[in-house]
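Written out below as structure tokens is the structure these notes cover.
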Amino acid sequence: MDFQSYLQRRISDGSYNRAAFGGLTDNAVADRLKNLSLFSSVSAEDLQKIDFEKLFAGEVNENASSEEMLAADVVSSLFEMEEVQAAADLDGDGEISQYEAQSFLASIMGTDGEAMDLSLEDIEAAIEKMNIDLEKVAEDAINEVLEAAKEEEAQKAEEAAQQAQQAQQAQQAQQAASAGGGAPAAGAAQTPASNKPTGSQTPATATKPETPEEIKALITEKEGDIEKINSDAEDAIQEQEQAKTDAVKSKGITEAQQKEYQEKEDALNEKIENAEKDVQDKEKNISDWKSSISSNESYISNLESQIAANNSRLNSISDDDENASTKRSEIQAKTKNLEDEKKRVEDENKDLQKKVDDEEKSLNELRNTTIPGYEQDKADLLKTMMQNSPIAHGGEAAINSAVNDLQKYDTKIAEIKQKRDTDIQAIRAEIQDLQVQLKTAEAKDDRNNLIRENSAEAPLFDPNLEISTQYITDGNMPYMLIGPKDADPNEELPVLVYLHGMGEVGKGEQGLYSAHGPGGIVPDWDLQNFNGYIICPQLASGSWENSTAEANLRALMDDFNATHNTGKSVIMGASLGGSGAIYMAGQMGSEYFDEAVALSGYRGGVANIDIPITGYVGNADDSKSINIMRGQFGDDLKVLNATHGTLPKTLFTMDEDGDGCSDFLQQLYARKY
């Protein structure tokens, strides 16, 4: 929906923070909108002047003033809303005629007491009567603008990086050509100009490796690619060195002179090879240490999240609780364990970072001083030999010409090495990413267990039922999974898909474990005797109500259902996730879900959903939200004694029959709706 014109008006009167709107904050437009007569006094006679049929067809009146054109834009934006179209379409033919548009606008005049004036208050009152969540519409529009801006910035950054890389490669090629004085002599072996890695490298695998064994196998494969690149480069270098030897003979150098030169050059080449091997070793060390640092940083972030959750639980303990002192002591002890572990890992990262810094300093010394020094010694050695050869009779010009001819081979060797190093660095970067995954995978259980054991949250499961939590990053929509480790393959288990709210958008794993994320809420749910799966997807940005989020959720559910024996499936969400649950129920419906639940979330189109849907709201939510949900859900709305933030916890801890299991879960999976 294009709601830009309306939003611009709201920006101009200060209703929204301009900085949040990105491209919508054009000052010239906003200044004109401040005085737009549509929002002060447009009479019924003024409406007669608008050709609505042309307006809806996208035709512009070029003779209209800028204010009239903006007024037409706002009216057009209003009629783009499905609910407005339905209200204005008197004959039900699916099209808004001139008469119908004028009649609708005239009908909403007078809300503010002026019978023949159409004001901003009139429009907003009409929108509210139609149960349109204007704040939600504005929020979605903002998210769309910001998401588009992020994508544009990312694309610009990618293009800039590509241009910088191309410029660097062109500069390197120019420097090499300048140093070599032209193309290689006839007979010199040619190497491909392409910067693509050579050897037996394989494209990225379609299935992302997950287990330590799979990751190790891929690392071994890529290390084999590096060996192949080194081997191919060495063969090409030897060809150039042999061609250079033959060229030296053609310059009239005596056998004794050539032997002496070759011995000294071989000694320098050996020093260069050893230095280059040191470079590769140091690059590998730096890659390994950086991968350990990255893995540790993720672990530290999880520790910090749990420490914050513990402190939050600590502060929530009431002094009226007779066990308050014991509970506080237990939480403080667990928090200290987490803080000690955090300090240990932070100290480990400091040591690793020092190793990286020292190794990078040594690496720079090799690249910028040691190896160039040996290369200069080779150049000096070659010139000295020419000065003692018959060519010297031709003077300095003849010597320099001969040296330039022979240095072409050294230049070609340098190009081969440069390409080899570039290809290897690209694979090293892939290996570093894999090593991060490997270290995380290998340490995952121990680290997760330590965090779980020192969590102040209520137990997640019945002692006789093993339930694990994990953050799965495969695919475009990562998720946290709660479910039995060893499920009976012959038993269909229910699935609950839980969509988080606005506060957890874009915060990754840390967001899922925050106070209002599933990692902070689900532990409070009474999951005694619950044998099923809870899937908690994670949004990187935006909202749940768009085609990208829907496509990602479909892919997630397809993969999950293909690998698990699933039974009844329910989608549920809170706040932004509540609106998302309604949206997904309408878009994905019975193909994926049996029921839907909206917790303090609302949007239009509930009547189009082909599965049962229930709304829950806390009595401490604002009255507007409660009234809108009551209008949407009617008898299927349950009002709980809870605030917006604690609604999911309250819902899942209801246990009126005292059987140790949430009544909500029992009803949900016993189809008691």
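Just so we're on the same page: first chain in the structure tokens is A, next is B, and so on; residues restart at 1 for each chain, and ligands are numbered from 1 in the order they show up.
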List every residue of stretch 308-357 of chain A that has an atom at most 7 Å from any atom of stretch 273-296 of chain A, and for each one report the closest atom pair and its distance in Å to one decimal, counting only C-alpha atoms, with rows sorted by chain and then by increasing residue number, as a Markdown table.
| residue | atom | partner | partner_atom | distance |
| --- | --- | --- | --- | --- |
| A:Val345 | CA | A:Asn296 | CA | 6.6 |
| A:Asn349 | CA | A:Ile293 | CA | 5.6 |
| A:Leu352 | CA | A:Trp289 | CA | 6.1 |
| A:Val356 | CA | A:Ile286 | CA | 5.5 |
Those same residues - N, CA, C and O atoms - I'd like them written as a tab-separated table (two decimals), in the first residue's frame.
chain	number	residue	atom	x	y	z
A	345	VAL	N	36.47	-16.32	29.15
A	345	VAL	CA	36.47	-16.28	27.69
A	345	VAL	C	36.98	-14.93	27.18
A	345	VAL	O	37.68	-14.87	26.17
A	349	ASN	N	40.14	-14.34	24.75
A	349	ASN	CA	40.11	-13.52	23.53
A	349	ASN	C	41.20	-12.46	23.52
A	349	ASN	O	41.75	-12.13	22.47
A	352	LEU	N	44.30	-14.25	22.50
A	352	LEU	CA	44.24	-14.55	21.07
A	352	LEU	C	44.45	-13.29	20.23
A	352	LEU	O	45.15	-13.33	19.21
A	356	VAL	N	47.22	-12.45	17.37
A	356	VAL	CA	46.88	-11.96	16.04
A	356	VAL	C	47.68	-10.70	15.71
A	356	VAL	O	48.26	-10.57	14.63
Subject >> Selection: 6 Å around A:Gln240, only C-alpha atoms, excl. self and same-chain fewer than 3 positions, as a ChimeraX atom specification >> reply: /A:237,243,409
Env of A:Lys343: 12 Å cut, atoms = only C-alpha atoms, seq-sep filter 3 positions within chain, self excluded. Answer as a compact mmCIF listing (two decimals) with all heavy atoms, in the first residue's frame.
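The file below, selection-v7.txt, is the result:
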# COMPACT_ATOMS: atom_id res chain seq x y z
N ASN A 296 34.05 -17.15 20.19
CA ASN A 296 33.98 -16.74 21.60
C ASN A 296 33.08 -15.52 21.78
O ASN A 296 32.37 -15.41 22.79
CB ASN A 296 35.38 -16.43 22.12
CG ASN A 296 36.19 -17.68 22.42
OD1 ASN A 296 35.65 -18.79 22.43
ND2 ASN A 296 37.47 -17.52 22.64
N GLU A 297 33.12 -14.60 20.82
CA GLU A 297 32.28 -13.40 20.93
C GLU A 297 30.81 -13.76 20.92
O GLU A 297 30.01 -13.16 21.64
CB GLU A 297 32.61 -12.43 19.80
CG GLU A 297 33.94 -11.71 19.99
CD GLU A 297 34.32 -10.85 18.80
OE1 GLU A 297 33.70 -11.04 17.72
OE2 GLU A 297 35.23 -10.02 18.92
N TYR A 299 29.60 -16.57 21.97
CA TYR A 299 29.37 -17.20 23.27
C TYR A 299 29.22 -16.15 24.36
O TYR A 299 28.33 -16.23 25.22
CB TYR A 299 30.54 -18.13 23.56
CG TYR A 299 30.46 -18.92 24.86
CD1 TYR A 299 29.25 -19.35 25.37
CD2 TYR A 299 31.62 -19.22 25.56
CE1 TYR A 299 29.19 -20.08 26.55
CE2 TYR A 299 31.58 -19.96 26.74
CZ TYR A 299 30.36 -20.37 27.23
OH TYR A 299 30.31 -21.09 28.40
N ILE A 300 30.09 -15.12 24.33
CA ILE A 300 30.02 -14.04 25.32
C ILE A 300 28.67 -13.33 25.23
O ILE A 300 28.07 -12.99 26.26
CB ILE A 300 31.18 -13.04 25.09
CG1 ILE A 300 32.52 -13.69 25.49
CG2 ILE A 300 30.97 -11.77 25.91
CD1 ILE A 300 33.73 -12.88 25.10
N LEU A 303 26.15 -15.39 26.96
CA LEU A 303 26.35 -15.31 28.41
C LEU A 303 25.77 -13.99 28.94
O LEU A 303 25.10 -13.98 29.98
CB LEU A 303 27.85 -15.40 28.74
CG LEU A 303 28.51 -16.77 28.56
CD1 LEU A 303 30.02 -16.64 28.65
CD2 LEU A 303 28.01 -17.77 29.61
N GLU A 304 26.05 -12.90 28.23
CA GLU A 304 25.54 -11.60 28.67
C GLU A 304 24.01 -11.58 28.68
O GLU A 304 23.40 -11.00 29.59
CB GLU A 304 26.08 -10.50 27.75
CG GLU A 304 27.57 -10.24 27.94
CD GLU A 304 28.11 -9.26 26.92
OE1 GLU A 304 27.45 -9.08 25.86
OE2 GLU A 304 29.18 -8.68 27.16
N LYS A 336 27.02 -15.54 39.16
CA LYS A 336 28.47 -15.47 39.35
C LYS A 336 29.18 -16.51 38.47
O LYS A 336 30.25 -16.24 37.90
CB LYS A 336 28.85 -15.68 40.81
CG LYS A 336 30.35 -15.47 41.07
CD LYS A 336 30.71 -15.62 42.52
CE LYS A 336 32.18 -15.28 42.73
NZ LYS A 336 33.09 -16.05 41.88
N ASN A 337 28.59 -17.69 38.36
CA ASN A 337 29.18 -18.71 37.48
C ASN A 337 29.26 -18.21 36.03
O ASN A 337 30.27 -18.40 35.35
CB ASN A 337 28.35 -20.00 37.52
CG ASN A 337 28.46 -20.72 38.85
OD1 ASN A 337 29.41 -20.51 39.60
ND2 ASN A 337 27.48 -21.56 39.15
N LEU A 338 28.18 -17.57 35.59
CA LEU A 338 28.16 -17.04 34.23
C LEU A 338 29.16 -15.90 34.06
O LEU A 338 29.85 -15.81 33.04
CB LEU A 338 26.75 -16.55 33.89
CG LEU A 338 25.65 -17.61 33.84
CD1 LEU A 338 24.28 -16.96 33.69
CD2 LEU A 338 25.88 -18.58 32.69
N GLU A 339 29.25 -15.03 35.08
CA GLU A 339 30.19 -13.91 34.99
C GLU A 339 31.64 -14.40 35.00
O GLU A 339 32.50 -13.85 34.30
CB GLU A 339 29.95 -12.93 36.15
CG GLU A 339 28.64 -12.16 36.00
CD GLU A 339 28.31 -11.33 37.21
OE1 GLU A 339 28.87 -11.63 38.30
OE2 GLU A 339 27.49 -10.40 37.10
N ASP A 340 31.92 -15.44 35.81
CA ASP A 340 33.27 -16.02 35.82
C ASP A 340 33.61 -16.62 34.46
O ASP A 340 34.74 -16.46 33.96
CB ASP A 340 33.37 -17.10 36.90
CG ASP A 340 33.35 -16.51 38.31
OD1 ASP A 340 33.55 -15.29 38.44
OD2 ASP A 340 33.13 -17.29 39.26
N GLU A 346 36.64 -13.85 27.89
CA GLU A 346 37.16 -12.54 27.51
C GLU A 346 38.68 -12.50 27.61
O GLU A 346 39.36 -11.94 26.73
CB GLU A 346 36.54 -11.45 28.38
CG GLU A 346 35.08 -11.16 28.05
CD GLU A 346 34.44 -10.17 28.99
OE1 GLU A 346 34.94 -10.03 30.14
OE2 GLU A 346 33.43 -9.54 28.60
N ASP A 347 39.24 -13.09 28.68
CA ASP A 347 40.69 -13.15 28.84
C ASP A 347 41.32 -13.99 27.72
O ASP A 347 42.39 -13.66 27.20
CB ASP A 347 41.06 -13.73 30.20
CG ASP A 347 40.73 -12.78 31.35
OD1 ASP A 347 40.54 -11.58 31.08
OD2 ASP A 347 40.65 -13.25 32.51
N GLU A 348 40.64 -15.08 27.39
CA GLU A 348 41.13 -15.93 26.29
C GLU A 348 41.17 -15.14 24.99
O GLU A 348 42.13 -15.23 24.21
CB GLU A 348 40.23 -17.15 26.14
CG GLU A 348 40.65 -18.10 25.03
CD GLU A 348 39.72 -19.29 24.89
OE1 GLU A 348 39.29 -19.82 25.94
OE2 GLU A 348 39.41 -19.67 23.75
N ASN A 349 40.14 -14.34 24.75
CA ASN A 349 40.11 -13.52 23.53
C ASN A 349 41.20 -12.46 23.52
O ASN A 349 41.75 -12.13 22.47
CB ASN A 349 38.73 -12.87 23.36
CG ASN A 349 37.81 -13.71 22.48
OD1 ASN A 349 38.14 -14.84 22.15
ND2 ASN A 349 36.67 -13.16 22.13
N LYS A 350 41.52 -11.90 24.70
CA LYS A 350 42.60 -10.92 24.77
C LYS A 350 43.93 -11.56 24.37
O LYS A 350 44.73 -10.97 23.63
CB LYS A 350 42.70 -10.34 26.18
CG LYS A 350 41.57 -9.39 26.55
CD LYS A 350 41.73 -8.87 27.97
CE LYS A 350 40.57 -7.96 28.36
NZ LYS A 350 40.68 -7.49 29.76
Original post:
Which polymer residues have any atom within 7 Å of an atom of stretch 490-497 of chain A, counting only C-alpha atoms, with same-chain residues fewer than 6 positions away left out, as a ChimeraX atom specification?
Top reply: /A:531-536,565-572
Restrict the selected residues to N, CA, C and O atoms and save them as a PDB file, in the first residue's frame.
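Output saved as out_24.pdb:
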ATOM      1  N   ASN A 531       4.669 -33.012  25.011  1.00  0.00           N
ATOM      2  CA  ASN A 531       5.551 -33.785  24.132  1.00  0.00           C
ATOM      3  C   ASN A 531       5.325 -33.299  22.707  1.00  0.00           C
ATOM      4  O   ASN A 531       4.460 -33.791  21.996  1.00  0.00           O
ATOM      5  N   GLY A 532       6.087 -32.308  22.301  1.00  0.00           N
ATOM      6  CA  GLY A 532       5.919 -31.732  20.977  1.00  0.00           C
ATOM      7  C   GLY A 532       7.053 -30.772  20.674  1.00  0.00           C
ATOM      8  O   GLY A 532       8.059 -30.726  21.375  1.00  0.00           O
ATOM      9  N   TYR A 533       6.879 -30.004  19.607  1.00  0.00           N
ATOM     10  CA  TYR A 533       7.914 -29.076  19.167  1.00  0.00           C
ATOM     11  C   TYR A 533       7.409 -27.637  19.264  1.00  0.00           C
ATOM     12  O   TYR A 533       6.244 -27.352  18.974  1.00  0.00           O
ATOM     13  N   ILE A 534       8.294 -26.735  19.656  1.00  0.00           N
ATOM     14  CA  ILE A 534       8.023 -25.295  19.597  1.00  0.00           C
ATOM     15  C   ILE A 534       9.094 -24.683  18.711  1.00  0.00           C
ATOM     16  O   ILE A 534      10.291 -24.787  18.997  1.00  0.00           O
ATOM     17  N   ILE A 535       8.664 -24.062  17.607  1.00  0.00           N
ATOM     18  CA  ILE A 535       9.579 -23.435  16.655  1.00  0.00           C
ATOM     19  C   ILE A 535       9.437 -21.922  16.791  1.00  0.00           C
ATOM     20  O   ILE A 535       8.329 -21.389  16.691  1.00  0.00           O
ATOM     21  N   CYS A 536      10.560 -21.237  17.030  1.00  0.00           N
ATOM     22  CA  CYS A 536      10.553 -19.780  17.216  1.00  0.00           C
ATOM     23  C   CYS A 536      11.411 -19.130  16.140  1.00  0.00           C
ATOM     24  O   CYS A 536      12.626 -18.978  16.320  1.00  0.00           O
ATOM     25  N   ASN A 565       8.210 -36.198  12.197  1.00  0.00           N
ATOM     26  CA  ASN A 565       6.874 -36.773  12.133  1.00  0.00           C
ATOM     27  C   ASN A 565       5.941 -35.853  12.908  1.00  0.00           C
ATOM     28  O   ASN A 565       5.827 -35.938  14.128  1.00  0.00           O
ATOM     29  N   THR A 566       5.290 -34.934  12.218  1.00  0.00           N
ATOM     30  CA  THR A 566       4.507 -33.903  12.882  1.00  0.00           C
ATOM     31  C   THR A 566       3.016 -34.163  12.766  1.00  0.00           C
ATOM     32  O   THR A 566       2.530 -34.730  11.795  1.00  0.00           O
ATOM     33  N   GLY A 567       2.297 -33.710  13.797  1.00  0.00           N
ATOM     34  CA  GLY A 567       0.849 -33.831  13.825  1.00  0.00           C
ATOM     35  C   GLY A 567       0.206 -32.466  13.709  1.00  0.00           C
ATOM     36  O   GLY A 567       0.506 -31.713  12.791  1.00  0.00           O
ATOM     37  N   LYS A 568      -0.654 -32.124  14.669  1.00  0.00           N
ATOM     38  CA  LYS A 568      -1.351 -30.848  14.607  1.00  0.00           C
ATOM     39  C   LYS A 568      -0.351 -29.701  14.676  1.00  0.00           C
ATOM     40  O   LYS A 568       0.608 -29.725  15.433  1.00  0.00           O
ATOM     41  N   SER A 569      -0.588 -28.673  13.866  1.00  0.00           N
ATOM     42  CA  SER A 569       0.318 -27.528  13.787  1.00  0.00           C
ATOM     43  C   SER A 569      -0.457 -26.246  14.055  1.00  0.00           C
ATOM     44  O   SER A 569      -1.505 -26.008  13.460  1.00  0.00           O
ATOM     45  N   VAL A 570       0.064 -25.434  14.968  1.00  0.00           N
ATOM     46  CA  VAL A 570      -0.590 -24.178  15.358  1.00  0.00           C
ATOM     47  C   VAL A 570       0.411 -23.034  15.195  1.00  0.00           C
ATOM     48  O   VAL A 570       1.573 -23.165  15.569  1.00  0.00           O
ATOM     49  N   ILE A 571      -0.026 -21.922  14.641  1.00  0.00           N
ATOM     50  CA  ILE A 571       0.813 -20.725  14.570  1.00  0.00           C
ATOM     51  C   ILE A 571       0.285 -19.690  15.544  1.00  0.00           C
ATOM     52  O   ILE A 571      -0.923 -19.463  15.638  1.00  0.00           O
ATOM     53  N   MET A 572       1.208 -19.095  16.301  1.00  0.00           N
ATOM     54  CA  MET A 572       0.833 -18.143  17.335  1.00  0.00           C
ATOM     55  C   MET A 572       1.874 -17.041  17.365  1.00  0.00           C
ATOM     56  O   MET A 572       3.048 -17.266  17.059  1.00  0.00           O
TER      57      MET A 572
END
**OP:** Extract, using only C-alpha atoms, all DNA, RNA and protein residues at most 8 Å from stretch 82-84 of chain A, discarding same-chain residues fewer than 6 positions from it, and format them as a PyMOL selection string.
**Re:** chain A and resi 127+130+132
Would you list the contacts of A:Asp663 as a tab-separated table (two decimals) with C-alpha atoms, in the first residue's frame, taking every protein, DNA or RNA residue within 8 Å and counting only C-alpha atoms, but skipping same-chain residues closer than 4 positions in sequence?
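Saved the output as around.tsv:
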chain	number	residue	atom	x	y	z
A	652	PHE	CA	0.76	-20.73	29.48
A	653	THR	CA	0.75	-20.98	33.28
A	654	MET	CA	-3.02	-21.40	33.60
A	655	ASP	CA	-3.59	-24.79	35.24
A	656	GLU	CA	-7.08	-24.84	36.70
A	657	ASP	CA	-7.35	-28.62	36.90
A	667	GLN	CA	-7.14	-27.18	24.80
**OP:** Find the residues around A:Ser455 up to 10 Å (only C-alpha atoms counted), leave out those fewer than 6 positions away in its own chain, and share them as a list in words.
**Re:** Leu303, Gln306, Ile307, Ala309, Asn310, Arg313, Ile331, Lys334, Thr335, Leu338, Asn449 and Pro523 of chain A
Would you export the selected residues with C-alpha atoms as a CSV table (one decimal), in the first residue's frame, please?
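Contents of the output file part-v1.csv:
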chain,number,residue,atom,x,y,z
A,303,LEU,CA,26.3,-15.3,28.4
A,306,GLN,CA,21.5,-14.9,30.3
A,307,ILE,CA,23.2,-12.7,32.9
A,309,ALA,CA,17.8,-12.4,32.3
A,310,ASN,CA,19.1,-13.6,35.7
A,313,ARG,CA,14.5,-12.4,37.5
A,331,ILE,CA,20.2,-16.8,41.3
A,334,LYS,CA,24.3,-18.9,39.1
A,335,THR,CA,25.0,-15.4,37.8
A,338,LEU,CA,28.2,-17.0,34.2
A,449,ASN,CA,24.6,-26.7,29.0
A,523,PRO,CA,11.0,-21.0,30.1
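Taking atom CA of A:Thr245 and atom CA of A:Met385 as the two end points, the separation is 13.1 Å.
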Original post:
Pick the closest to A:Ser547 from A:Gly601, A:Pro478, A:Gly580, A:Pro518: which is it, counting only C-alpha atoms?
Top reply: A:Gly580
